[in-house]
$ cat my_file_9.cif   # mmCIF, C-alpha atoms
data_data
#
loop_
_atom_site.group_PDB
_atom_site.id
_atom_site.type_symbol
_atom_site.label_atom_id
_atom_site.label_comp_id
_atom_site.auth_asym_id
_atom_site.auth_seq_id
_atom_site.Cartn_x
_atom_site.Cartn_y
_atom_site.Cartn_z
ATOM 1 C CA MET A 1 -25.772 31.277 0.315
ATOM 2 C CA ASN A 2 -23.725 28.871 2.427
ATOM 3 C CA ILE A 3 -24.135 25.996 4.868
ATOM 4 C CA LYS A 4 -23.707 28.199 7.936
ATOM 5 C CA GLN A 5 -26.603 30.413 6.832
ATOM 6 C CA LEU A 6 -28.845 27.362 6.414
ATOM 7 C CA GLU A 7 -27.858 26.145 9.865
ATOM 8 C CA VAL A 8 -28.854 29.526 11.297
ATOM 9 C CA LEU A 9 -32.235 29.279 9.563
ATOM 10 C CA ARG A 10 -32.865 25.783 10.915
ATOM 11 C CA THR A 11 -31.805 26.684 14.443
ATOM 12 C CA LEU A 12 -33.776 29.929 14.503
ATOM 13 C CA LEU A 13 -36.914 28.099 13.462
ATOM 14 C CA SER A 14 -36.294 25.619 16.250
ATOM 15 C CA THR A 15 -35.391 28.038 19.080
ATOM 16 C CA GLY A 16 -37.255 31.160 18.058
ATOM 17 C CA SER A 17 -34.535 33.618 19.154
ATOM 18 C CA THR A 18 -31.127 34.844 18.114
ATOM 19 C CA ILE A 19 -29.849 34.474 21.686
ATOM 20 C CA ALA A 20 -30.725 30.763 21.860
ATOM 21 C CA THR A 21 -29.453 30.214 18.312
ATOM 22 C CA ALA A 22 -26.142 31.884 19.116
ATOM 23 C CA LYS A 23 -25.737 29.695 22.201
ATOM 24 C CA ALA A 24 -26.634 26.518 20.328
ATOM 25 C CA MET A 25 -24.246 27.264 17.453
ATOM 26 C CA GLY A 26 -21.408 28.737 19.478
ATOM 27 C CA LEU A 27 -21.723 32.120 17.765
ATOM 28 C CA SER A 28 -22.286 35.682 18.932
ATOM 29 C CA GLN A 29 -25.783 37.132 18.688
ATOM 30 C CA SER A 30 -24.520 39.686 16.169
ATOM 31 C CA GLY A 31 -22.971 36.851 14.161
ATOM 32 C CA VAL A 32 -26.338 35.094 13.951
ATOM 33 C CA SER A 33 -28.054 38.317 12.885
ATOM 34 C CA ARG A 34 -25.416 38.924 10.209
ATOM 35 C CA LEU A 35 -25.747 35.403 8.768
ATOM 36 C CA LEU A 36 -29.518 35.688 8.679
ATOM 37 C CA ALA A 37 -29.332 39.071 6.931
ATOM 38 C CA GLN A 38 -26.905 37.624 4.359
ATOM 39 C CA LEU A 39 -29.252 34.703 3.684
ATOM 40 C CA GLU A 40 -32.223 37.012 3.180
ATOM 41 C CA THR A 41 -30.145 39.134 0.798
ATOM 42 C CA ASP A 42 -28.974 36.094 -1.167
ATOM 43 C CA LEU A 43 -32.541 34.793 -1.489
ATOM 44 C CA ALA A 44 -34.073 38.258 -1.950
ATOM 45 C CA LEU A 45 -36.723 37.258 0.596
ATOM 46 C CA THR A 46 -37.723 38.328 4.088
ATOM 47 C CA LEU A 47 -37.616 35.200 6.230
ATOM 48 C CA PHE A 48 -38.354 36.710 9.639
ATOM 49 C CA ALA A 49 -40.456 39.697 10.623
ATOM 50 C CA ARG A 50 -38.984 41.836 13.386
ATOM 51 C CA GLU A 51 -41.515 42.867 15.993
ATOM 52 C CA LYS A 52 -40.517 44.389 19.338
ATOM 53 C CA GLY A 53 -37.157 42.585 19.313
ATOM 54 C CA ARG A 54 -38.714 39.246 18.376
ATOM 55 C CA LEU A 55 -38.234 37.270 15.170
ATOM 56 C CA ILE A 56 -41.379 35.843 13.652
ATOM 57 C CA PRO A 57 -40.974 33.357 10.747
ATOM 58 C CA THR A 58 -42.668 34.380 7.528
ATOM 59 C CA PRO A 59 -44.620 31.814 5.461
ATOM 60 C CA GLU A 60 -41.673 31.826 3.037
ATOM 61 C CA ALA A 61 -39.286 30.771 5.818
ATOM 62 C CA ALA A 62 -41.526 27.824 6.683
ATOM 63 C CA LEU A 63 -41.652 26.755 3.040
ATOM 64 C CA LEU A 64 -37.866 26.988 2.633
ATOM 65 C CA ALA A 65 -37.179 25.216 5.930
ATOM 66 C CA SER A 66 -37.738 21.784 4.353
ATOM 67 C CA ASP A 67 -35.251 22.555 1.543
ATOM 68 C CA ALA A 68 -32.705 23.797 4.060
ATOM 69 C CA GLU A 69 -33.131 20.638 6.151
ATOM 70 C CA ASN A 70 -32.632 18.405 3.093
ATOM 71 C CA VAL A 71 -29.452 20.257 2.142
ATOM 72 C CA LEU A 72 -28.073 19.994 5.669
ATOM 73 C CA LEU A 73 -28.933 16.290 5.880
ATOM 74 C CA ALA A 74 -27.103 15.730 2.582
ATOM 75 C CA VAL A 75 -24.073 17.594 3.938
ATOM 76 C CA ASP A 76 -24.173 15.468 7.099
ATOM 77 C CA ARG A 77 -24.329 12.299 4.983
ATOM 78 C CA MET A 78 -21.408 13.489 2.906
ATOM 79 C CA SER A 79 -19.357 14.304 6.006
ATOM 80 C CA GLY A 80 -20.162 10.898 7.473
ATOM 81 C CA HIS A 81 -19.241 9.168 4.232
ATOM 82 C CA ALA A 82 -15.943 11.064 4.124
ATOM 83 C CA GLU A 83 -15.230 9.949 7.686
ATOM 84 C CA ASP A 84 -15.972 6.348 6.698
ATOM 85 C CA LEU A 85 -13.597 6.685 3.749
ATOM 86 C CA ARG A 86 -10.852 7.996 6.015
ATOM 87 C CA ASN A 87 -11.189 5.236 8.589
ATOM 88 C CA GLY A 88 -11.774 2.406 6.133
ATOM 89 C CA ALA A 89 -15.400 1.656 6.962
ATOM 90 C CA ALA A 90 -16.283 2.529 3.361
ATOM 91 C CA GLY A 91 -14.442 2.967 0.110
ATOM 92 C CA PRO A 92 -13.549 0.891 -2.925
ATOM 93 C CA GLU A 93 -15.134 -2.527 -2.741
ATOM 94 C CA ILE A 94 -11.798 -4.138 -3.561
ATOM 95 C CA VAL A 95 -8.088 -3.252 -3.648
ATOM 96 C CA ARG A 96 -5.769 -5.386 -5.756
ATOM 97 C CA ILE A 97 -2.031 -5.828 -5.188
ATOM 98 C CA GLY A 98 0.616 -7.784 -7.071
ATOM 99 C CA LEU A 99 3.516 -9.432 -5.241
ATOM 100 C CA PRO A 100 6.332 -11.790 -6.223
ATOM 101 C CA SER A 101 5.527 -15.444 -5.566
ATOM 102 C CA SER A 102 8.180 -15.638 -2.840
ATOM 103 C CA MET A 103 6.236 -13.207 -0.649
ATOM 104 C CA TRP A 104 3.099 -15.274 -0.079
ATOM 105 C CA GLU A 105 4.189 -17.298 2.954
ATOM 106 C CA ASN A 106 5.048 -14.751 5.651
ATOM 107 C CA PHE A 107 5.366 -11.309 4.094
ATOM 108 C CA ALA A 108 1.846 -10.951 2.694
ATOM 109 C CA PRO A 109 0.047 -12.147 5.863
ATOM 110 C CA GLY A 110 2.209 -9.842 7.989
ATOM 111 C CA MET A 111 1.367 -6.929 5.704
ATOM 112 C CA LEU A 112 -2.370 -7.566 5.928
ATOM 113 C CA VAL A 113 -2.832 -8.220 9.665
ATOM 114 C CA GLU A 114 -3.188 -4.548 10.648
ATOM 115 C CA TYR A 115 -4.667 -3.480 7.321
ATOM 116 C CA VAL A 116 -7.764 -5.683 7.518
ATOM 117 C CA ARG A 117 -8.401 -4.393 11.028
ATOM 118 C CA ASP A 118 -8.144 -0.744 9.967
ATOM 119 C CA PHE A 119 -10.072 -1.223 6.699
ATOM 120 C CA PRO A 120 -12.759 -3.795 7.499
ATOM 121 C CA GLY A 121 -14.957 -2.744 4.583
ATOM 122 C CA VAL A 122 -12.315 -3.387 1.927
ATOM 123 C CA ARG A 123 -11.808 -6.707 0.163
ATOM 124 C CA ILE A 124 -8.200 -7.434 -0.869
ATOM 125 C CA GLU A 125 -7.158 -9.486 -3.879
ATOM 126 C CA THR A 126 -3.532 -10.610 -4.035
ATOM 127 C CA PHE A 127 -1.784 -11.619 -7.253
ATOM 128 C CA PHE A 128 1.478 -13.571 -6.911
ATOM 129 C CA GLU A 129 3.359 -13.207 -10.177
ATOM 130 C CA THR A 130 6.704 -12.526 -11.810
ATOM 131 C CA THR A 131 8.040 -8.997 -12.215
ATOM 132 C CA THR A 132 7.097 -9.069 -15.915
ATOM 133 C CA ALA A 133 3.542 -10.133 -15.143
ATOM 134 C CA ILE A 134 3.151 -7.552 -12.344
ATOM 135 C CA ASN A 135 4.396 -4.837 -14.710
ATOM 136 C CA ARG A 136 1.741 -5.828 -17.224
ATOM 137 C CA LEU A 137 -1.041 -6.060 -14.638
ATOM 138 C CA VAL A 138 -0.291 -2.522 -13.414
ATOM 139 C CA GLU A 139 -0.138 -1.164 -16.955
ATOM 140 C CA GLU A 140 -3.482 -2.782 -17.826
ATOM 141 C CA ARG A 141 -5.046 -1.429 -14.579
ATOM 142 C CA VAL A 142 -5.862 -4.947 -13.396
ATOM 143 C CA ILE A 143 -4.159 -4.238 -10.057
ATOM 144 C CA ASP A 144 -3.832 -0.987 -8.115
ATOM 145 C CA ILE A 145 -0.229 -1.457 -6.953
ATOM 146 C CA GLY A 146 2.514 -3.992 -7.543
ATOM 147 C CA PHE A 147 5.825 -4.766 -5.867
ATOM 148 C CA LEU A 148 8.483 -5.709 -8.399
ATOM 149 C CA ARG A 149 12.176 -5.952 -9.095
ATOM 150 C CA MET A 150 13.469 -2.918 -10.970
ATOM 151 C CA GLU A 151 15.207 -4.666 -13.853
ATOM 152 C CA GLY A 152 14.923 -2.123 -16.635
ATOM 153 C CA GLU A 153 12.489 0.145 -18.403
ATOM 154 C CA THR A 154 8.847 0.039 -17.409
ATOM 155 C CA GLY A 155 5.850 0.878 -19.546
ATOM 156 C CA PRO A 156 5.039 4.560 -20.212
ATOM 157 C CA GLY A 157 1.876 4.314 -18.140
ATOM 158 C CA ILE A 158 3.629 3.101 -14.982
ATOM 159 C CA ALA A 159 5.169 5.064 -12.122
ATOM 160 C CA VAL A 160 7.620 3.177 -9.892
ATOM 161 C CA GLU A 161 8.799 4.264 -6.453
ATOM 162 C CA LYS A 162 11.941 2.594 -5.129
ATOM 163 C CA VAL A 163 11.101 1.062 -1.748
ATOM 164 C CA ALA A 164 13.791 -1.569 -1.085
ATOM 165 C CA SER A 165 17.175 -2.891 -2.146
ATOM 166 C CA GLY A 166 19.335 -5.941 -1.577
ATOM 167 C CA VAL A 167 22.691 -7.480 -2.411
ATOM 168 C CA SER A 168 23.591 -10.902 -3.686
ATOM 169 C CA VAL A 169 24.084 -13.484 -0.948
ATOM 170 C CA CYS A 170 24.769 -17.188 -0.827
ATOM 171 C CA VAL A 171 22.268 -19.065 1.346
ATOM 172 C CA VAL A 172 23.617 -22.263 2.892
ATOM 173 C CA PRO A 173 22.472 -24.722 5.573
ATOM 174 C CA GLN A 174 23.490 -23.707 9.091
ATOM 175 C CA ASP A 175 25.787 -26.693 9.513
ATOM 176 C CA HIS A 176 27.391 -26.459 6.061
ATOM 177 C CA PRO A 177 31.197 -25.930 5.901
ATOM 178 C CA LEU A 178 30.589 -22.808 3.780
ATOM 179 C CA ALA A 179 28.800 -21.227 6.751
ATOM 180 C CA GLU A 180 32.232 -20.749 8.324
ATOM 181 C CA LEU A 181 33.265 -18.317 5.581
ATOM 182 C CA GLU A 182 32.706 -14.569 5.870
ATOM 183 C CA GLU A 183 32.267 -14.259 2.105
ATOM 184 C CA ILE A 184 31.573 -16.780 -0.638
ATOM 185 C CA SER A 185 32.676 -16.607 -4.264
ATOM 186 C CA ALA A 186 32.135 -18.811 -7.304
ATOM 187 C CA LYS A 187 35.468 -20.555 -6.600
ATOM 188 C CA ASN A 188 34.157 -21.646 -3.183
ATOM 189 C CA LEU A 189 31.226 -23.321 -4.939
ATOM 190 C CA ARG A 190 33.200 -25.695 -7.139
ATOM 191 C CA ASN A 191 31.520 -29.140 -6.957
ATOM 192 C CA VAL A 192 28.867 -27.784 -4.572
ATOM 193 C CA PRO A 193 25.242 -28.644 -5.501
ATOM 194 C CA LEU A 194 23.497 -25.458 -6.580
ATOM 195 C CA ILE A 195 19.843 -24.479 -6.439
ATOM 196 C CA LEU A 196 19.377 -21.718 -9.004
ATOM 197 C CA ILE A 197 16.416 -19.600 -10.099
ATOM 198 C CA GLY A 198 15.521 -17.288 -12.947
ATOM 199 C CA ARG A 199 16.872 -19.215 -15.913
ATOM 200 C CA GLN A 200 17.152 -16.911 -18.959
ATOM 201 C CA ARG A 201 16.514 -13.858 -16.754
ATOM 202 C CA PRO A 202 19.094 -10.995 -16.754
ATOM 203 C CA ASN A 203 20.246 -11.622 -13.160
ATOM 204 C CA ARG A 204 20.678 -15.345 -13.759
ATOM 205 C CA MET A 205 22.623 -14.762 -16.941
ATOM 206 C CA SER A 206 24.899 -12.355 -15.049
ATOM 207 C CA LEU A 207 25.456 -15.005 -12.372
ATOM 208 C CA ASP A 208 26.275 -17.607 -15.018
ATOM 209 C CA GLN A 209 28.888 -15.233 -16.437
ATOM 210 C CA THR A 210 30.413 -14.804 -12.970
ATOM 211 C CA PHE A 211 30.992 -18.567 -12.745
ATOM 212 C CA LYS A 212 32.338 -18.668 -16.277
ATOM 213 C CA ARG A 213 34.854 -15.892 -15.589
ATOM 214 C CA ALA A 214 35.955 -17.700 -12.438
ATOM 215 C CA GLY A 215 36.523 -20.874 -14.457
ATOM 216 C CA VAL A 216 34.040 -22.816 -12.309
ATOM 217 C CA LYS A 217 31.558 -25.200 -13.877
ATOM 218 C CA GLN A 218 28.227 -24.933 -12.105
ATOM 219 C CA MET A 219 26.897 -28.104 -10.553
ATOM 220 C CA VAL A 220 23.206 -27.250 -10.797
ATOM 221 C CA LYS A 221 21.203 -29.725 -8.760
ATOM 222 C CA ILE A 222 17.802 -28.000 -8.854
ATOM 223 C CA GLU A 223 16.304 -25.339 -11.124
ATOM 224 C CA THR A 224 13.410 -23.539 -9.478
ATOM 225 C CA HIS A 225 11.377 -20.398 -10.004
ATOM 226 C CA THR A 226 10.848 -18.836 -6.590
ATOM 227 C CA ASN A 227 13.177 -17.597 -3.897
ATOM 228 C CA SER A 228 10.995 -19.240 -1.274
ATOM 229 C CA SER A 229 11.394 -22.714 -2.778
ATOM 230 C CA ALA A 230 15.144 -22.160 -3.190
ATOM 231 C CA CYS A 231 15.528 -21.308 0.512
ATOM 232 C CA SER A 232 13.343 -24.252 1.511
ATOM 233 C CA TYR A 233 15.464 -26.628 -0.567
ATOM 234 C CA VAL A 234 18.598 -25.237 1.086
ATOM 235 C CA ALA A 235 17.025 -25.759 4.519
ATOM 236 C CA HIS A 236 16.521 -29.424 3.623
ATOM 237 C CA GLY A 237 20.172 -29.852 2.695
ATOM 238 C CA LEU A 238 19.635 -30.149 -1.046
ATOM 239 C CA GLY A 239 22.270 -27.576 -1.967
ATOM 240 C CA VAL A 240 23.019 -23.852 -1.726
ATOM 241 C CA THR A 241 21.487 -20.920 -3.562
ATOM 242 C CA ILE A 242 22.444 -17.388 -4.590
ATOM 243 C CA ILE A 243 19.658 -14.815 -4.282
ATOM 244 C CA SER A 244 19.061 -11.238 -3.193
ATOM 245 C CA SER A 245 19.430 -10.534 0.513
ATOM 246 C CA PHE A 246 15.977 -8.932 0.325
ATOM 247 C CA TYR A 247 14.383 -12.340 -0.248
ATOM 248 C CA ALA A 248 16.846 -14.218 1.939
ATOM 249 C CA ASN A 249 15.776 -12.009 4.849
ATOM 250 C CA LEU A 250 12.195 -13.231 4.439
ATOM 251 C CA TYR A 251 13.316 -16.772 5.267
ATOM 252 C CA ARG A 252 15.584 -16.239 8.236
ATOM 253 C CA HIS A 253 13.253 -18.456 10.248
ATOM 254 C CA LEU A 254 14.615 -21.457 8.329
ATOM 255 C CA PRO A 255 17.765 -23.303 9.481
ATOM 256 C CA VAL A 256 19.937 -21.453 6.950
ATOM 257 C CA VAL A 257 22.494 -18.647 6.990
ATOM 258 C CA GLN A 258 23.419 -16.105 4.340
ATOM 259 C CA ARG A 259 26.867 -14.903 3.419
ATOM 260 C CA PRO A 260 27.812 -12.084 0.995
ATOM 261 C CA PHE A 261 28.454 -13.386 -2.502
ATOM 262 C CA ALA A 262 31.414 -11.909 -4.354
ATOM 263 C CA PRO A 263 31.565 -10.041 -6.624
ATOM 264 C CA SER A 264 28.861 -7.942 -4.996
ATOM 265 C CA ALA A 265 25.732 -7.082 -6.980
ATOM 266 C CA THR A 266 22.860 -4.832 -5.933
ATOM 267 C CA GLN A 267 19.167 -5.309 -6.625
ATOM 268 C CA GLU A 268 16.504 -2.613 -6.372
ATOM 269 C CA PHE A 269 12.784 -3.108 -5.778
ATOM 270 C CA GLY A 270 9.924 -0.710 -6.390
ATOM 271 C CA LEU A 271 6.246 -0.172 -5.889
ATOM 272 C CA ALA A 272 4.467 0.337 -9.203
ATOM 273 C CA ARG A 273 1.147 2.010 -9.932
ATOM 274 C CA ALA A 274 -0.568 3.588 -12.919
ATOM 275 C CA ALA A 275 1.081 6.919 -13.734
ATOM 276 C CA GLY A 276 -1.031 10.027 -13.264
ATOM 277 C CA VAL A 277 -3.791 8.188 -11.396
ATOM 278 C CA PRO A 278 -4.079 8.951 -7.659
ATOM 279 C CA LEU A 279 -4.519 5.951 -5.404
ATOM 280 C CA SER A 280 -7.671 5.633 -3.349
ATOM 281 C CA ILE A 281 -7.295 6.047 0.413
ATOM 282 C CA ALA A 282 -7.640 2.268 0.795
ATOM 283 C CA ALA A 283 -5.004 1.526 -1.865
ATOM 284 C CA GLN A 284 -2.615 4.121 -0.420
ATOM 285 C CA ALA A 285 -3.044 2.573 3.021
ATOM 286 C CA LEU A 286 -2.183 -0.842 1.580
ATOM 287 C CA SER A 287 0.881 0.696 -0.046
ATOM 288 C CA ASN A 288 1.918 2.102 3.337
ATOM 289 C CA ALA A 289 1.312 -1.285 4.985
ATOM 290 C CA LEU A 290 3.616 -2.908 2.429
ATOM 291 C CA LYS A 291 6.359 -0.371 3.153
ATOM 292 C CA ARG A 292 6.058 -0.988 6.903
ATOM 293 C CA GLN A 293 6.308 -4.732 6.355
ATOM 294 C CA ILE A 294 9.420 -4.220 4.218
ATOM 295 C CA GLN A 295 11.061 -2.343 7.092
ATOM 296 C CA LEU A 296 10.143 -5.116 9.525
ATOM 297 C CA SER A 297 11.325 -7.920 7.249
ATOM 298 C CA GLN A 298 14.661 -6.266 6.484
ATOM 299 C CA LYS A 299 15.431 -5.185 10.044
ATOM 300 C CA ALA A 300 18.746 -6.577 11.248
ATOM 301 C CA LEU A 301 18.451 -9.380 13.769
#

$ encode --input "my_file_9.cif" --output "structure tokens"
Amino acid sequence: MNIKQLEVLRTLLSTGSTIATAKAMGLSQSGVSRLLAQLETDLALTLFAREKGRLIPTPEAALLASDAENVLLAVDRMSGHAEDLRNGAAGPEIVRIGLPSSMWENFAPGMLVEYVRDFPGVRIETFFETTTAINRLVEERVIDIGFLRMEGETGPGIAVEKVASGVSVCVVPQDHPLAELEEISAKNLRNVPLILIGRQRPNRMSLDQTFKRAGVKQMVKIETHTNSSACSYVAHGLGVTIISSFYANLYRHLPVVQRPFAPSATQEFGLARAAGVPLSIAAQALSNALKRQIQLSQKAL
């Protein structure tokens, strides 16, 4: 027994003929007759008496008609629900995403503008944390997806897809003498006020070693903990900073410029989720929205 057979039963009871049923369902008359015969065989019941080319419903057909209608209504509801899931009108009540703190100002709103329009029934919760915290939140299933810096090994329950990369750059005010250089090294930063982030983090320790090898004592003016604050401080003339071009590109609207920092270092960024657990349609769509926003934010001016 299948859905098509039940649809034939319902339509036959409504129209009273195989010709009208075939027309209504877009089938051939022989196709309708075949489906009806299959249904009667499956149920081991005669549903229509054949008299002089006419089909007359048996009492059994009338009794089963209500069951058939309930099944077909359930199928229609399921199809409608699936459509709602596809277009975002229904689905998980909430989707949670983790992002670095430096992405709250422009990146996150840009990512969500189209998403909230396409998925009006979904509530989004954003977590702005460090890479370590985002890693933990994904592993503990607190968030569905998380954007993080790929700094080393992740937990066994996490799958990470590389979605972006950057190189080390020095961000300086537009009118700073260093803006005239094509490339900036530690030696160019002797006695220059520095705004540095990530103290005790692997990338910061590597940067400290670069200055040490160059024989340059860092003149750290401000220690901070987000790329966004570092770029804002630079824009206000408080010093210069060395960060990944990925984050520097998010703040090109500020009165600052970026120059390659030598020796060159590359940073990779990934999108993390629980390993072996498929994302919901809503979460996958948010993942795709994040990737589109990455492309927009990193596009060359």

$ resolve_selection --input "my_file_9.cif" --expression "the PyMOL selection byres ((chain A and resi 174) around 12)" --output "tab-separated table (two decimals) with C-alpha atoms, in the coordinates of the input"
chain	number	residue	atom	x	y	z
A	170	CYS	CA	24.77	-17.19	-0.83
A	171	VAL	CA	22.27	-19.07	1.35
A	172	VAL	CA	23.62	-22.26	2.89
A	173	PRO	CA	22.47	-24.72	5.57
A	175	ASP	CA	25.79	-26.69	9.51
A	176	HIS	CA	27.39	-26.46	6.06
A	177	PRO	CA	31.20	-25.93	5.90
A	178	LEU	CA	30.59	-22.81	3.78
A	179	ALA	CA	28.80	-21.23	6.75
A	180	GLU	CA	32.23	-20.75	8.32
A	181	LEU	CA	33.26	-18.32	5.58
A	231	CYS	CA	15.53	-21.31	0.51
A	234	VAL	CA	18.60	-25.24	1.09
A	235	ALA	CA	17.02	-25.76	4.52
A	236	HIS	CA	16.52	-29.42	3.62
A	237	GLY	CA	20.17	-29.85	2.70
A	239	GLY	CA	22.27	-27.58	-1.97
A	240	VAL	CA	23.02	-23.85	-1.73
A	252	ARG	CA	15.58	-16.24	8.24
A	253	HIS	CA	13.25	-18.46	10.25
A	254	LEU	CA	14.62	-21.46	8.33
A	255	PRO	CA	17.76	-23.30	9.48
A	256	VAL	CA	19.94	-21.45	6.95
A	257	VAL	CA	22.49	-18.65	6.99
A	258	GLN	CA	23.42	-16.10	4.34
A	259	ARG	CA	26.87	-14.90	3.42

$ resolve_selection --input "my_file_9.cif" --expression "the PyMOL selection byres ((chain A and resi 244) around 9)" --output "PyMOL selection string"
chain A and resi 165-170+227+242-243+245-249+265-267

$ closest_residue --input "my_file_9.cif" --among "A:Glu183, A:Glu7, A:Glu223, A:Glu268" --to "Gln200 (chain A)" --atoms "only C-alpha atoms"
A:Glu223

$ closest_residue --input "my_file_9.cif" --among "A:Asn188, A:Ser297, A:Ser264, A:Thr241" --to "Met103 (chain A)" --atoms "all atoms listed in the file"
A:Ser297

$ resolve_selection --input "my_file_9.cif" --expression "the PyMOL selection byres ((chain A and resi 273) around 12)" --output "JSON, numbers by chain"
{"A": [96, 97, 98, 134, 135, 136, 137, 138, 139, 140, 141, 142, 143, 144, 145, 146, 147, 148, 154, 155, 156, 157, 158, 159, 160, 161, 162, 270, 271, 272, 274, 275, 276, 277, 278, 279, 280, 283, 284, 287]}

$ residues_around --input "my_file_9.cif" --residues "Gly31 (chain A)" --least-positions-apart "2" --cutoff "12 Å" --atoms "only C-alpha atoms" --output "ChimeraX atom specification"
/A:4-5,8,18-19,21-23,25-29,33-38

$ closest_residue --input "my_file_9.cif" --among "A:Lys291, A:Lys212, A:Arg117, A:Arg54" --to "Thr15 (chain A)" --atoms "all atoms listed in the file"
A:Arg54

$ closest_residue --input "my_file_9.cif" --among "A:Leu6, A:Met150, A:Ile195, A:Leu286" --to "Ser66 (chain A)" --atoms "all atoms listed in the file"
A:Leu6

$ decode --input "my_file_9.cif" --residues "region 209-223 of chain A" --atoms "N, CA, C and O atoms" --output "CSV table (one decimal), in the first residue's frame"
chain,number,residue,atom,x,y,z
A,209,GLN,N,59.6,36.9,20.4
A,209,GLN,CA,60.9,36.4,20.0
A,209,GLN,C,61.5,37.1,18.7
A,209,GLN,O,62.7,37.2,18.6
A,210,THR,N,60.6,37.5,17.8
A,210,THR,CA,61.0,38.2,16.6
A,210,THR,C,61.7,39.5,17.0
A,210,THR,O,62.8,39.9,16.5
A,211,PHE,N,61.1,40.2,18.0
A,211,PHE,CA,61.8,41.5,18.4
A,211,PHE,C,63.1,41.2,19.1
A,211,PHE,O,64.1,41.9,19.0
A,212,LYS,N,63.1,40.1,19.9
A,212,LYS,CA,64.3,39.8,20.6
A,212,LYS,C,65.5,39.4,19.7
A,212,LYS,O,66.6,39.9,19.8
A,213,ARG,N,65.1,38.6,18.6
A,213,ARG,CA,66.2,38.3,17.6
A,213,ARG,C,66.7,39.5,16.9
A,213,ARG,O,67.8,39.6,16.4
A,214,ALA,N,65.8,40.5,16.7
A,214,ALA,CA,66.2,41.7,16.0
A,214,ALA,C,66.9,42.7,16.9
A,214,ALA,O,67.4,43.7,16.4
A,215,GLY,N,67.0,42.3,18.1
A,215,GLY,CA,67.7,43.2,19.1
A,215,GLY,C,67.0,44.5,19.4
A,215,GLY,O,67.6,45.5,19.7
A,216,VAL,N,65.7,44.4,19.3
A,216,VAL,CA,64.8,45.6,19.5
A,216,VAL,C,64.0,45.4,20.8
A,216,VAL,O,63.3,44.4,20.9
A,217,LYS,N,64.1,46.3,21.7
A,217,LYS,CA,63.3,46.3,22.9
A,217,LYS,C,61.9,46.9,22.6
A,217,LYS,O,61.8,48.0,22.1
A,218,GLN,N,60.9,46.1,22.9
A,218,GLN,CA,59.6,46.6,22.6
A,218,GLN,C,59.2,47.7,23.6
A,218,GLN,O,59.5,47.7,24.8
A,219,MET,N,58.6,48.7,23.0
A,219,MET,CA,58.0,49.8,23.8
A,219,MET,C,56.5,49.7,23.8
A,219,MET,O,55.8,50.3,23.1
A,220,VAL,N,56.1,48.8,24.7
A,220,VAL,CA,54.6,48.5,24.8
A,220,VAL,C,53.9,49.6,25.5
A,220,VAL,O,54.2,49.8,26.7
A,221,LYS,N,53.0,50.2,24.8
A,221,LYS,CA,52.3,51.3,25.4
A,221,LYS,C,50.9,50.8,26.0
A,221,LYS,O,50.5,51.2,27.1
A,222,ILE,N,50.3,49.9,25.2
A,222,ILE,CA,49.0,49.4,25.7
A,222,ILE,C,49.0,47.9,25.4
A,222,ILE,O,49.3,47.4,24.4
A,223,GLU,N,48.5,47.1,26.5
A,223,GLU,CA,48.2,45.7,26.3
A,223,GLU,C,46.7,45.6,26.2
A,223,GLU,O,46.0,46.2,27.1
